Amino acid sequence: MSLLTFKGGIHPPDKKELAKDCAITHQSPPKKVTIPIVQHIGAPCKLTVVVGQAVKKGEVIASPEGFVSAPVHSSVSGKVVAISEAPLPTGRAVSAVVIENDMTEQWTTLRDNPDFMQLSPDELKAKVKDAGIVGMGGAAFPTHVKLSPPKEKPIDVAIINGAECEPYLTADYRLMIERPEDIVQGLQAIMKILGVKRGFIGIENNKPEAVKKMQDAIKGIPDIDVVALEVKYPQGAEKMLIKACVNREVPPRGLPMDVGVVVQNIGTAIAIYEAVRYGKPLIDRVVTVTGEGIKEPKNMFVKVGTIVSELIEQCGGFKGTPAKVISGGPMMGFALTSLDVPVTKGTSGIVVLPEKEVMHVDNFGPCIRCGRCIEACPMGLMPFMLSIYSEKGFYEEAKAYNLFDCFECGSCTYVCPSKRPIVQFVRLAKSLTKP
Amino acid sequence: MQMVQSQQKLLVTVSPHIKSEETTARIMWSVSLALLPATLMGIYFFGPLAAINVALSIVSAVVFEYLYQRALKKPIAVNDGSAFLTGLLLGLNLPPTVPFYIPIIGSFVAVVITKQLFGGLGYNVFNPALIGRAFLLISFPKLMTIWKEPTSAFVQIDAKTTATPLGILKEEGLNKLIEVFGDTVNLYTQLLVGHRAGSIGETSAIAILIGAAFLLYRGYISWHIPVSFLGSAALLAWVFGGKGALFTGDPIVHLLSGGMLLGAFFMATDYVTCPAVKTGQLVFGAGCGILTMLIRLKGGYPEGVMFAILIMNCFTPLIDRGFKTRVFGQVKVVKR
């Protein structure tokens, strides 16, 4: 079978060998957690707890104030000791609830409902919404919104994104190895909510074991296919994944729903499964702590609100002096300014790079028009023109070169021989002009 | 437990946090390396004078670049290899026995006027080495058309001069050219090996092709420009190249002689001065091939590669405008 893919893309060293064989372990419970009340794209939440209040694991601590929003729950049982500010991985400071863990792990309500597939689509969707689930691949868009396409956009395909194309990260891979059935049940719930008959699980072909496990898990389910995808970054970008799995192209500036597709991440599928079956809110997730600068790379099951430095300690600490700590993957993740950053629902990994893995670019050169960025761009853009126009302040001209179709995957910047910060130029132009 | 503290100085930059090993300097030095076989063959056939001229061309190009950047207090970027490559290409495009001031003047025009005054690396409109050579050809028409007879005897200073294969072809026709080389097979063989008069770097087709294969293999150039350049030139040479009747020309002689191969693989493919998008490159290459043959067959010069590429350089911005990439998800609007 020939491998499915898209045009463009790059082949960075995947570095997944560091953590790919580390089975998911539980973190040792944190003494306290710092839970930001804004962890998603969309409307902010309103606090529903006060300092001194006792909370149980899974209790709502901030509730949404709009449709495009998601509630936030406590990830421990204990006492609210402070309402303060905490930085998100992006560096932005937001309100956060600090809860002291009483180590009793007492849940609010968890009820096993093995017959969850008998629930109506709306009941299932309500459970997803109440569980505060957001896209766990990094973008953190509220999942119930994605599962509520407007009537004029009929959906006929649901895709689970098992590409995990960012180098280093192995969280989704471990979930596919260890919990394939849960992923499939999550996908079935998604399909029921959307009323679609076709489901796909797309996996990059450098994870043959995951492909095999998932294929075993879908045996006897005719509506779902596992597709092996070519290993290429950014294979896991929604538009590229849709192109590879069902050969449909999302129109420029459009959404997957425009071509009848909804994409969900592996972790999100499991969160959905746990929400519809047990009523479990999204309070923990798998985080890959890895990189050449970490003593013992691990895939850890981590409570939302755990501070990054604690995770690093539990992985044996730094190996040598860390040069850069990234939240997320090295292609689209954020470099942390401090290790006091809490894990959020969208934190897929913590990658620690030592000095020798970091490329210092003090001076970038002029564009020599070599065309490598054109070949690399999965969106078929001409990134060098965007960077030149933006560098000279011609933001309107950059728009004529489809500035706003760039989703900042970083492929152009990865290949640029002049080490030009093309993505940064694109962001600059985007911020100084209107679509 | 205090081992991991956030007091460490962390590097914070924007994504992506990893980058490929490829650098502009590595590209420039690789292209220079790819020219090594052609350079060695040129020196082998034309002797120490050729070597000195190539060396002078390189050294003066690098020195002019350095002086210019120093004088204008710009960052010194001679290590990126681009001035070296320009000097090397200029040297390879010179007749072997020009006086030593010729490569120095050429390098000045190439590096200072054609490249730096237009904004430096990445901003020049024309291929610097070719403008350098064009300037020399127009200013010193006599010196620039004295062609030393090739010899494999290395220490032979009192050079005999002769006509280039293209010169013979233009003035006396294909039959005379074959006669000079004995027979057709020998003609082709000598063109391939390099035993013929011409510019230093264009003698040996095999040496050029070895370098070109290296560039193609490493992905430093793509096939688009060379194939459309050589393809269109071969087609025109075959159709219109014969004396009298159509379809009697000899495309092989045209492809192997003069600066055709050097131009198609090493000059027309210059990133800065050729179109960026592959479809545009096909048009650019075809334009180069057509203009080359127009000049060779109908023009005043026996050779047209240099002017063809320079003329097409003018069209690069226009071609870039007309041939853009197809944006993902974009559908062609069908006009009714």
# chains A, B, ... in the order shown; residues from 1 in each chain; ligands from 1

$ select_by_dssp --residues "region 112-299 of chain B" --states "strand (DSSP E)" --output "VMD selection string"
chain B and resid 147 to 148 161 to 162

$ write_last_selection --atoms "C-alpha atoms" --output "compact mmCIF listing (two decimals), in the first residue's frame"
# COMPACT_ATOMS: atom_id res chain seq x y z
CA TRP B 147 41.61 31.74 -28.13
CA LYS B 148 44.63 29.72 -27.16
CA THR B 161 45.91 30.82 -31.16
CA THR B 162 43.04 29.31 -33.05

$ residues_around --residues "Tyr123 (chain B)" --least-positions-apart "4" --cutoff "9 Å" --atoms "only C-alpha atoms" --output "PyMOL selection string"
(chain A and resi 366-368) or (chain B and resi 115-116+118-119+272-273)

$ write_last_selection --atoms "N, CA and C atoms" --output "compact mmCIF listing (two decimals), in the first residue's frame"
# COMPACT_ATOMS: atom_id res chain seq x y z
N PRO A 366 20.52 37.71 3.98
CA PRO A 366 19.49 38.09 3.02
C PRO A 366 18.93 36.85 2.33
N CYS A 367 17.70 36.98 1.83
CA CYS A 367 17.11 35.88 1.07
C CYS A 367 17.86 35.72 -0.23
N ILE A 368 18.30 34.50 -0.53
CA ILE A 368 18.98 34.28 -1.80
C ILE A 368 18.05 33.64 -2.83
N LYS B 115 26.61 43.50 -8.25
CA LYS B 115 26.04 42.90 -7.05
C LYS B 115 25.84 43.92 -5.93
N GLN B 116 26.93 44.53 -5.46
CA GLN B 116 26.81 45.36 -4.26
C GLN B 116 25.98 46.62 -4.49
N PHE B 118 23.57 47.05 -6.27
CA PHE B 118 22.14 46.73 -6.37
C PHE B 118 21.59 46.24 -5.03
N GLY B 119 22.42 46.22 -4.01
CA GLY B 119 21.91 45.84 -2.69
C GLY B 119 22.62 44.64 -2.09
N VAL B 272 19.55 33.75 -7.26
CA VAL B 272 19.13 35.14 -7.09
C VAL B 272 18.50 35.68 -8.36
N THR B 273 19.04 35.27 -9.51
CA THR B 273 18.62 35.92 -10.75
C THR B 273 17.70 35.07 -11.63

$ residues_around --residues "region 24-37 of chain A" --least-positions-apart "5" --cutoff "6 Å" --atoms "only C-alpha atoms" --output "PyMOL selection string"
chain A and resi 95-101+299-302+305-306

$ interface_residues --of "chain B" --to "chain A" --cutoff "6 Å" --atoms "only C-alpha atoms" --output "count of residues only"
22

$ residues_around --residues "region 280-289 of chain A" --least-positions-apart "2" --cutoff "7 Å" --atoms "only C-alpha atoms" --output "number ranges by chain"
A: 58, 73-75, 110, 131-133, 169-171, 271, 274-275, 278, 297-304, 345, 347-351

$ write_last_selection --atoms "C-alpha atoms" --output "short mmCIF file (atom, residue, chain, number, x, y, z; two decimals), in the first residue's frame"
data_model
loop_
_atom_site.label_atom_id
_atom_site.label_comp_id
_atom_site.auth_asym_id
_atom_site.auth_seq_id
_atom_site.Cartn_x
_atom_site.Cartn_y
_atom_site.Cartn_z
CA GLY A 58 -13.12 16.96 39.25
CA HIS A 73 -11.94 21.53 36.97
CA SER A 74 -9.75 20.84 39.96
CA SER A 75 -7.19 18.13 39.28
CA LEU A 110 -17.67 9.35 38.64
CA ALA A 131 -15.90 17.73 30.92
CA GLY A 132 -14.11 20.86 29.71
CA ILE A 133 -12.45 19.04 26.84
CA LEU A 169 6.87 13.93 21.18
CA THR A 170 5.58 10.43 21.90
CA ALA A 171 2.51 10.99 24.10
CA ALA A 271 -10.70 12.32 26.96
CA GLU A 274 -13.66 9.01 29.50
CA ALA A 275 -16.13 11.87 29.59
CA TYR A 278 -17.43 7.93 33.25
CA PRO A 297 12.85 10.92 29.29
CA LYS A 298 9.34 9.80 30.21
CA ASN A 299 5.76 9.81 29.08
CA MET A 300 3.89 10.82 32.18
CA PHE A 301 0.29 10.99 33.17
CA VAL A 302 0.19 14.48 34.65
CA LYS A 303 -2.43 16.48 36.52
CA VAL A 304 -3.27 19.80 34.93
CA LYS A 345 -4.82 20.86 28.88
CA THR A 347 0.64 20.76 26.96
CA SER A 348 1.71 17.81 24.83
CA GLY A 349 5.33 17.77 25.84
CA ILE A 350 8.25 19.41 27.55
CA VAL A 351 11.38 19.26 25.40
#

$ closest_residue --among "A:Asp225, A:Asp122, A:Asp102, A:Asp258" --to "Val76 (chain A)" --atoms "only C-alpha atoms"
A:Asp102

$ residues_around --residues "Gly287 (chain B)" --least-positions-apart "4" --cutoff "9 Å" --atoms "only C-alpha atoms" --output "ChimeraX atom specification"
/B:228-229,232,282-283,291-292,308-309,311-312

$ atom_distance --atom1 "CA of Glu238 (chain A)" --atom2 "CA of Asn205 (chain A)"
17.2 Å

$ select_by_dssp --residues "region 156-251 of chain B" --states "alpha helix (DSSP H)" --output "compact mmCIF listing (two decimals) with N, CA and C atoms, in the first residue's frame"
# COMPACT_ATOMS: atom_id res chain seq x y z
N PRO B 165 35.40 26.12 -31.74
CA PRO B 165 34.49 25.33 -32.59
C PRO B 165 33.29 26.13 -33.06
N LEU B 166 32.73 26.95 -32.17
CA LEU B 166 31.57 27.74 -32.58
C LEU B 166 31.94 28.78 -33.62
N GLY B 167 33.17 29.32 -33.50
CA GLY B 167 33.64 30.29 -34.48
C GLY B 167 33.75 29.66 -35.85
N ILE B 168 34.34 28.45 -35.90
CA ILE B 168 34.46 27.73 -37.17
C ILE B 168 33.08 27.42 -37.73
N LEU B 169 32.19 26.98 -36.82
CA LEU B 169 30.84 26.62 -37.23
C LEU B 169 30.14 27.82 -37.85
N LYS B 170 30.33 28.97 -37.24
CA LYS B 170 29.65 30.18 -37.71
C LYS B 170 30.22 30.64 -39.06
N GLU B 171 31.56 30.65 -39.13
CA GLU B 171 32.19 31.23 -40.33
C GLU B 171 32.24 30.25 -41.48
N GLU B 172 32.52 28.96 -41.16
CA GLU B 172 32.80 28.04 -42.26
C GLU B 172 31.90 26.83 -42.32
N LEU B 174 29.53 23.39 -40.60
CA LEU B 174 29.74 22.14 -39.87
C LEU B 174 30.76 21.24 -40.55
N ASN B 175 30.72 21.20 -41.88
CA ASN B 175 31.64 20.29 -42.58
C ASN B 175 33.09 20.64 -42.33
N LYS B 176 33.37 21.96 -42.28
CA LYS B 176 34.74 22.41 -42.01
C LYS B 176 35.14 22.01 -40.59
N LEU B 177 34.17 22.16 -39.66
CA LEU B 177 34.45 21.82 -38.27
C LEU B 177 34.81 20.35 -38.14
N ILE B 178 34.04 19.51 -38.83
CA ILE B 178 34.31 18.07 -38.79
C ILE B 178 35.68 17.77 -39.40
N GLU B 179 35.96 18.49 -40.46
CA GLU B 179 37.26 18.32 -41.14
C GLU B 179 38.42 18.67 -40.20
N VAL B 180 38.26 19.77 -39.45
CA VAL B 180 39.31 20.19 -38.52
C VAL B 180 39.58 19.10 -37.49
N PHE B 181 38.50 18.48 -37.01
CA PHE B 181 38.65 17.46 -35.96
C PHE B 181 38.82 16.05 -36.53
N THR B 184 33.38 13.01 -37.30
CA THR B 184 32.34 13.41 -36.36
C THR B 184 32.59 12.82 -34.97
N VAL B 185 32.98 11.55 -34.96
CA VAL B 185 33.19 10.88 -33.67
C VAL B 185 34.29 11.60 -32.89
N ASN B 186 35.36 11.93 -33.58
CA ASN B 186 36.46 12.62 -32.91
C ASN B 186 36.03 14.01 -32.45
N LEU B 187 35.20 14.68 -33.27
CA LEU B 187 34.70 16.00 -32.89
C LEU B 187 33.95 15.90 -31.55
N TYR B 188 33.00 14.97 -31.52
CA TYR B 188 32.21 14.81 -30.28
C TYR B 188 33.13 14.46 -29.11
N THR B 189 34.05 13.53 -29.35
CA THR B 189 34.93 13.08 -28.27
C THR B 189 35.74 14.24 -27.71
N GLN B 190 36.33 15.04 -28.64
CA GLN B 190 37.16 16.14 -28.17
C GLN B 190 36.33 17.19 -27.43
N LEU B 191 35.09 17.40 -27.90
CA LEU B 191 34.23 18.36 -27.19
C LEU B 191 33.92 17.84 -25.78
N LEU B 192 33.71 16.52 -25.69
CA LEU B 192 33.40 15.95 -24.38
C LEU B 192 34.60 16.04 -23.45
N VAL B 193 35.76 15.66 -23.97
CA VAL B 193 36.96 15.66 -23.13
C VAL B 193 37.44 17.07 -22.87
N ALA B 205 33.18 19.07 -21.52
CA ALA B 205 31.78 18.83 -21.23
C ALA B 205 31.63 17.81 -20.10
N ILE B 206 32.48 16.79 -20.13
CA ILE B 206 32.37 15.75 -19.09
C ILE B 206 32.61 16.34 -17.70
N ALA B 207 33.65 17.19 -17.60
CA ALA B 207 33.96 17.79 -16.30
C ALA B 207 32.79 18.62 -15.80
N ILE B 208 32.16 19.37 -16.70
CA ILE B 208 31.02 20.20 -16.29
C ILE B 208 29.86 19.31 -15.86
N LEU B 209 29.64 18.22 -16.62
CA LEU B 209 28.52 17.34 -16.30
C LEU B 209 28.72 16.62 -14.96
N ILE B 210 29.98 16.32 -14.64
CA ILE B 210 30.25 15.70 -13.34
C ILE B 210 29.83 16.66 -12.22
N GLY B 211 30.25 17.91 -12.35
CA GLY B 211 29.86 18.91 -11.35
C GLY B 211 28.36 19.09 -11.30
N ALA B 212 27.72 19.11 -12.47
CA ALA B 212 26.26 19.29 -12.53
C ALA B 212 25.55 18.13 -11.86
N ALA B 213 26.07 16.92 -12.09
CA ALA B 213 25.45 15.74 -11.47
C ALA B 213 25.51 15.85 -9.94
N PHE B 214 26.64 16.34 -9.45
CA PHE B 214 26.80 16.54 -8.01
C PHE B 214 25.75 17.53 -7.49
N LEU B 215 25.56 18.62 -8.20
CA LEU B 215 24.59 19.63 -7.75
C LEU B 215 23.17 19.09 -7.78
N LEU B 216 22.87 18.35 -8.83
CA LEU B 216 21.51 17.78 -8.94
C LEU B 216 21.28 16.76 -7.84
N TYR B 217 22.29 15.91 -7.61
CA TYR B 217 22.18 14.87 -6.60
C TYR B 217 21.97 15.47 -5.21
N ARG B 218 22.72 16.54 -4.93
CA ARG B 218 22.59 17.17 -3.62
C ARG B 218 21.39 18.10 -3.52
N HIS B 224 14.86 21.71 -13.75
CA HIS B 224 13.95 22.51 -14.60
C HIS B 224 14.66 23.45 -15.58
N ILE B 225 15.57 24.28 -15.06
CA ILE B 225 16.22 25.24 -15.96
C ILE B 225 17.16 24.54 -16.95
N PRO B 226 18.07 23.65 -16.49
CA PRO B 226 18.95 23.00 -17.47
C PRO B 226 18.17 22.25 -18.55
N VAL B 227 17.14 21.53 -18.18
CA VAL B 227 16.43 20.73 -19.18
C VAL B 227 15.70 21.63 -20.18
N SER B 228 15.02 22.67 -19.70
CA SER B 228 14.30 23.50 -20.66
C SER B 228 15.28 24.33 -21.50
N PHE B 229 16.39 24.75 -20.89
CA PHE B 229 17.43 25.51 -21.59
C PHE B 229 18.02 24.63 -22.72
N LEU B 230 18.57 23.48 -22.33
CA LEU B 230 19.24 22.63 -23.31
C LEU B 230 18.25 22.03 -24.29
N GLY B 231 17.06 21.71 -23.80
CA GLY B 231 16.04 21.11 -24.66
C GLY B 231 15.63 22.07 -25.77
N SER B 232 15.32 23.29 -25.40
CA SER B 232 14.87 24.23 -26.43
C SER B 232 16.02 24.57 -27.39
N ALA B 233 17.23 24.69 -26.83
CA ALA B 233 18.37 24.98 -27.71
C ALA B 233 18.62 23.83 -28.68
N ALA B 234 18.57 22.59 -28.18
CA ALA B 234 18.81 21.44 -29.05
C ALA B 234 17.77 21.37 -30.16
N LEU B 235 16.52 21.63 -29.77
CA LEU B 235 15.44 21.58 -30.76
C LEU B 235 15.68 22.61 -31.87
N LEU B 236 15.99 23.83 -31.46
CA LEU B 236 16.22 24.88 -32.47
C LEU B 236 17.45 24.58 -33.31
N ALA B 237 18.51 24.04 -32.67
CA ALA B 237 19.73 23.72 -33.41
C ALA B 237 19.45 22.66 -34.48
N TRP B 238 18.60 21.71 -34.09
CA TRP B 238 18.26 20.64 -35.04
C TRP B 238 17.41 21.18 -36.18
N VAL B 239 16.43 22.00 -35.86
CA VAL B 239 15.50 22.48 -36.88
C VAL B 239 16.16 23.51 -37.80
N PHE B 240 16.81 24.50 -37.18
CA PHE B 240 17.31 25.62 -37.98
C PHE B 240 18.82 25.65 -38.14
N PRO B 251 22.44 19.15 -33.25
CA PRO B 251 22.24 19.68 -31.90
C PRO B 251 23.37 19.31 -30.94

$ closest_residue --among "B:Tyr44, B:Trp29, B:Phe108, B:Phe247" --to "Val78 (chain B)" --atoms "only C-alpha atoms"
B:Trp29

$ closest_residue --among "A:Pro121, A:Glu391, A:Thr268, A:His144" --to "Ile160 (chain A)" --atoms "only C-alpha atoms"
A:Thr268

$ residues_around --residues "Ser431 (chain A)" --least-positions-apart "5" --cutoff "10 Å" --atoms "only C-alpha atoms" --output "PDB file with C-alpha atoms, in the first residue's frame"
ATOM      1  CA  TYR A 395       2.382  44.241   4.962  1.00  0.00           C
ATOM      2  CA  PHE A 425       8.124  37.883   9.839  1.00  0.00           C
ATOM      3  CA  VAL A 426       4.769  36.315   8.997  1.00  0.00           C
TER       4      VAL A 426
END

$ residues_around --residues "Ile200 (chain B)" --least-positions-apart "3" --cutoff "6 Å" --atoms "only C-alpha atoms" --output "JSON, numbers by chain"
{"B": [42, 92, 95, 96]}

$ write_last_selection --atoms "N, CA and C atoms" --output "PDB file, in the first residue's frame"
ATOM      1  N   GLY B  42      40.335  22.913 -17.434  1.00  0.00           N
ATOM      2  CA  GLY B  42      40.729  24.151 -18.108  1.00  0.00           C
ATOM      3  C   GLY B  42      42.208  24.425 -17.920  1.00  0.00           C
ATOM      4  N   LEU B  92      36.342  31.340 -15.084  1.00  0.00           N
ATOM      5  CA  LEU B  92      36.107  30.226 -15.998  1.00  0.00           C
ATOM      6  C   LEU B  92      35.523  30.693 -17.324  1.00  0.00           C
ATOM      7  N   PRO B  95      38.817  33.945 -21.720  1.00  0.00           N
ATOM      8  CA  PRO B  95      39.793  33.252 -22.571  1.00  0.00           C
ATOM      9  C   PRO B  95      41.060  33.030 -21.742  1.00  0.00           C
ATOM     10  N   PRO B  96      41.809  31.971 -22.034  1.00  0.00           N
ATOM     11  CA  PRO B  96      42.914  31.573 -21.146  1.00  0.00           C
ATOM     12  C   PRO B  96      44.049  32.581 -21.052  1.00  0.00           C
TER      13      PRO B  96
END

$ closest_residue --among "B:Pro48, B:Gly241, B:Ile18, B:Thr39" --to "Val253 (chain B)" --atoms "only C-alpha atoms"
B:Gly241

$ closest_residue --among "B:Leu56, B:Leu40, B:Val31, B:Ile290" --to "Thr269 (chain B)" --atoms "only C-alpha atoms"
B:Val31

$ closest_residue --among "A:Leu432, A:Val261, A:Ile294, A:Val246" --to "Ile155 (chain A)" --atoms "only C-alpha atoms"
A:Val261
